[in-house]
Amino acid sequence: MSLRGRAAVLLLCAGAALAPAAVRAGGQRPAPDAPPAYRFAPGQRATYAVTYGSIGDADFSVLLAQSGQSGPPPSMLAYRLAASLTGQMDVTVVERGAASAEEWCVFRAPVVNLIVNGQAQTDQASRLASQLVRGFLVELRPDGAVIEVRMSADADAASQEFLRTFLAVTQIVLPPAGAAGSASWSAREEDHNGPYTAEYRIERDPTHPERQVLRKRMLGYLAATPAAELPGETQMRKVVTPVLDLAARLDPGGAGLVALEATETQDTSVEGKHVAHSQTVLHLGRTALVTLLPEQLAAARARAARLAANAVSAPMFAPRSPSEVEASIERTELGDATEPDLLARLATVDAAGADADRSETDALYLKFKALAYVRPDAAAPLGALLASDRVSNPSFVLLAGALGAVGNPEAQAALASAIRARPDDWPALSALVPELCTLPAPTEAAQAVAQALTASADTNISAMAWLCLGGMARGLATSAPERSQALIAELTTALAASSDENAKALMLQALGNANTALAMPAVAPYAASTSPVLRAAAMDAMRAIPLPQADVLLRQALASDADPKVRLEAAFALGFRDPDASLFAAEKAALASDRDEQVRTALLNDLGKLVGQFPEALALIQAAAETDPSDEVRKAATGLLQSIAAGARPSAPP
């Protein structure tokens, strides 16, 4: 199941050529303990009745609770998916070589159903059914490991994923050719999650003693699976735990695969938190086995060759880039929805106002986000709505958030257009401008809009714009370092030119938003300012500056600054620093000596993040819950202990 909770649909068509060792000369059958072997006889066609069903549930909201970060409402992070397929599948061996074999697979009259969060995905199901009818090629190694599946050039990513995971469910890898007879063996295989180890064993079929039953189970993946991707979050470690129960019933002496039954479950955890579960059940039952006439085989080969000449290939394991993952997610989310339909639903939500159904609002947010991603041209009309929409309408924040989450140039242009249309509208700008401030690649036009707002007569708007420029400098550090450096220089110049401490504090905070070592020469002198306002702002600015000097100045201020607000900002900023023994010692000492209850509360929150690395931190929190002279501190410590006991880690810096 994927990091945002879209479970992959599982299916397969290989294995039709599976058979015990070929009949020996003189018509003798192999010895009972002889291992099975693939024949891959060109022209052999097996027809199977396929019955498949898969369900998946995912809830990623636990990750937000664990990290303490803000994000979409929980209802946006929970998904339920269901898929089913029934039909007849013809599998024809068309080629056999020394290094591989090819099977041509075609479905007849497939019935596909795909449902996401209760909504039928009829377009996607129709596209997949069309691909199944047109056929696809499966290339296998001599031992049966699937190398890749080739589909027609217009096959979309969802159909490719469907078939690739389908192949993985019943992939059967046999012992190397010439291996001694054995009732069990292991093999290294791959599926869409990565490489894993499988264990096989051969048994006699208790219902048909002349047949063999091959059983397979997965022992686990060989390496950590790819990082989970949660919108707006850093990558987190994902672990998938599979359980596969597969039984393949074989003909005696080499006639082929009679039936296959497989049940697979997958449980997914991210950072140790269970977030998803899926279950797949697949049954293949052979209904016919024939050998094609030469002209029939030639026709099958011709069809396969036409597809191969202009095909897309999908290996079993192909790590996808974040953009590919996001594209697949958004296409699935949009499904059959059209812009007019979504706008009509949005009008209904606005008409309901404060009484609007939250689940419908959440669902529309995801739909409009998917629309702006899949169809960038749709962003401009949405921006036009934001230019005139009432801020009190649910649609305003919904559309602004959707465009900001997409963040492509078209979405940025739409937001910028809406901002330019409302230059003095603080309620509107307070929702629109932040959507441009944390993007990884803000456009020059978006940057220009923020820069223009710094001259606003409304101090709220101008302050927000300066802070936004700091966030843009952070995003541009990788995508456009020259522009990032120019913004740092602009903020540094504004800091020097500011005439009062509040203006200077604003520029320090803006420089802190840039999260760059380039800001340190401008920020560091203010750590020794005679103004506690500027010292506090400098502490805040250093929270994410990646230099040891920042750690030194923060710890010094925590230990000795006379102003509790400065010490509070230092404690808060230290919560964003990399944890080590020096940090723990500094916070432990400050907790014991600081007289300000707000500072001690902040330190307890910091220590809560260190419990896993420094067990003594738990004892300090317990002591504070019992003996701290402040009721507020004892209450905060008690709540922290309950959070730790419940298994949810305290809030951590993003």
# chains A, B, ... in the order shown; residues from 1 in each chain; ligands from 1
>>> residues_around(residues="Met507 (chain A)", least_positions_apart="4", cutoff="8 Å", atoms="only C-alpha atoms", output="mmCIF file with N, CA, C and O atoms, in the first residue's frame")
data_model
loop_
_atom_site.group_PDB
_atom_site.id
_atom_site.type_symbol
_atom_site.label_atom_id
_atom_site.label_comp_id
_atom_site.auth_asym_id
_atom_site.auth_seq_id
_atom_site.Cartn_x
_atom_site.Cartn_y
_atom_site.Cartn_z
ATOM 1 N N TRP A 466 7.580 39.837 4.223
ATOM 2 C CA TRP A 466 9.008 39.667 4.550
ATOM 3 C C TRP A 466 9.293 38.248 5.039
ATOM 4 O O TRP A 466 10.284 37.625 4.632
ATOM 5 N N LEU A 467 8.431 37.750 5.917
ATOM 6 C CA LEU A 467 8.617 36.378 6.402
ATOM 7 C C LEU A 467 8.509 35.379 5.252
ATOM 8 O O LEU A 467 9.224 34.374 5.211
ATOM 9 N N LEU A 491 17.335 40.585 2.541
ATOM 10 C CA LEU A 491 16.910 40.585 3.943
ATOM 11 C C LEU A 491 17.990 41.155 4.854
ATOM 12 O O LEU A 491 17.689 41.875 5.820
ATOM 13 N N THR A 492 19.239 40.837 4.558
ATOM 14 C CA THR A 492 20.343 41.370 5.363
ATOM 15 C C THR A 492 20.412 42.884 5.248
ATOM 16 O O THR A 492 20.628 43.599 6.242
ATOM 17 N N ALA A 494 17.901 44.876 4.513
ATOM 18 C CA ALA A 494 16.739 45.424 5.217
ATOM 19 C C ALA A 494 16.956 45.401 6.728
ATOM 20 O O ALA A 494 16.510 46.313 7.440
ATOM 21 N N LEU A 495 17.623 44.378 7.227
ATOM 22 C CA LEU A 495 17.934 44.305 8.659
ATOM 23 C C LEU A 495 18.811 45.480 9.074
ATOM 24 O O LEU A 495 18.553 46.152 10.084
ATOM 25 N N ALA A 503 11.209 46.227 13.815
ATOM 26 C CA ALA A 503 11.496 45.977 12.406
ATOM 27 C C ALA A 503 12.705 45.068 12.262
ATOM 28 O O ALA A 503 12.731 44.166 11.415
ATOM 29 N N LEU A 511 15.126 36.007 8.191
ATOM 30 C CA LEU A 511 16.386 35.309 7.910
ATOM 31 C C LEU A 511 16.371 33.905 8.513
ATOM 32 O O LEU A 511 16.890 32.959 7.920
#
>>> closest_residue(among="A:Gly56, A:Pro242, A:Pro42, A:Gly612", to="Val116 (chain A)", atoms="only C-alpha atoms")
A:Gly56
>>> atom_distance(atom1="CA of Arg150 (chain A)", atom2="CA of Asn113 (chain A)")
22.6 Å
>>> residues_around(residues="region 328-340 of chain A", least_positions_apart="4", cutoff="6 Å", atoms="only C-alpha atoms", output="list in words")
Gln121, Asp123, Lys367 and Ala370 of chain A
>>> residues_around(residues="Ala505 (chain A)", least_positions_apart="5", cutoff="9 Å", atoms="only C-alpha atoms", output="list of chain:residue names")
A:Leu495, A:Asp500, A:Ala510, A:Val533, A:Leu534, A:Arg535, A:Ala536, A:Ala537, A:Ala538
>>> residues_around(residues="Leu399 (chain A)", least_positions_apart="5", cutoff="12 Å", atoms="only C-alpha atoms", output="ChimeraX atom specification")
/A:342-343,346,361-362,364-372,378-387,389-391,393-394,404-406,411,414-415,418,431-432,435
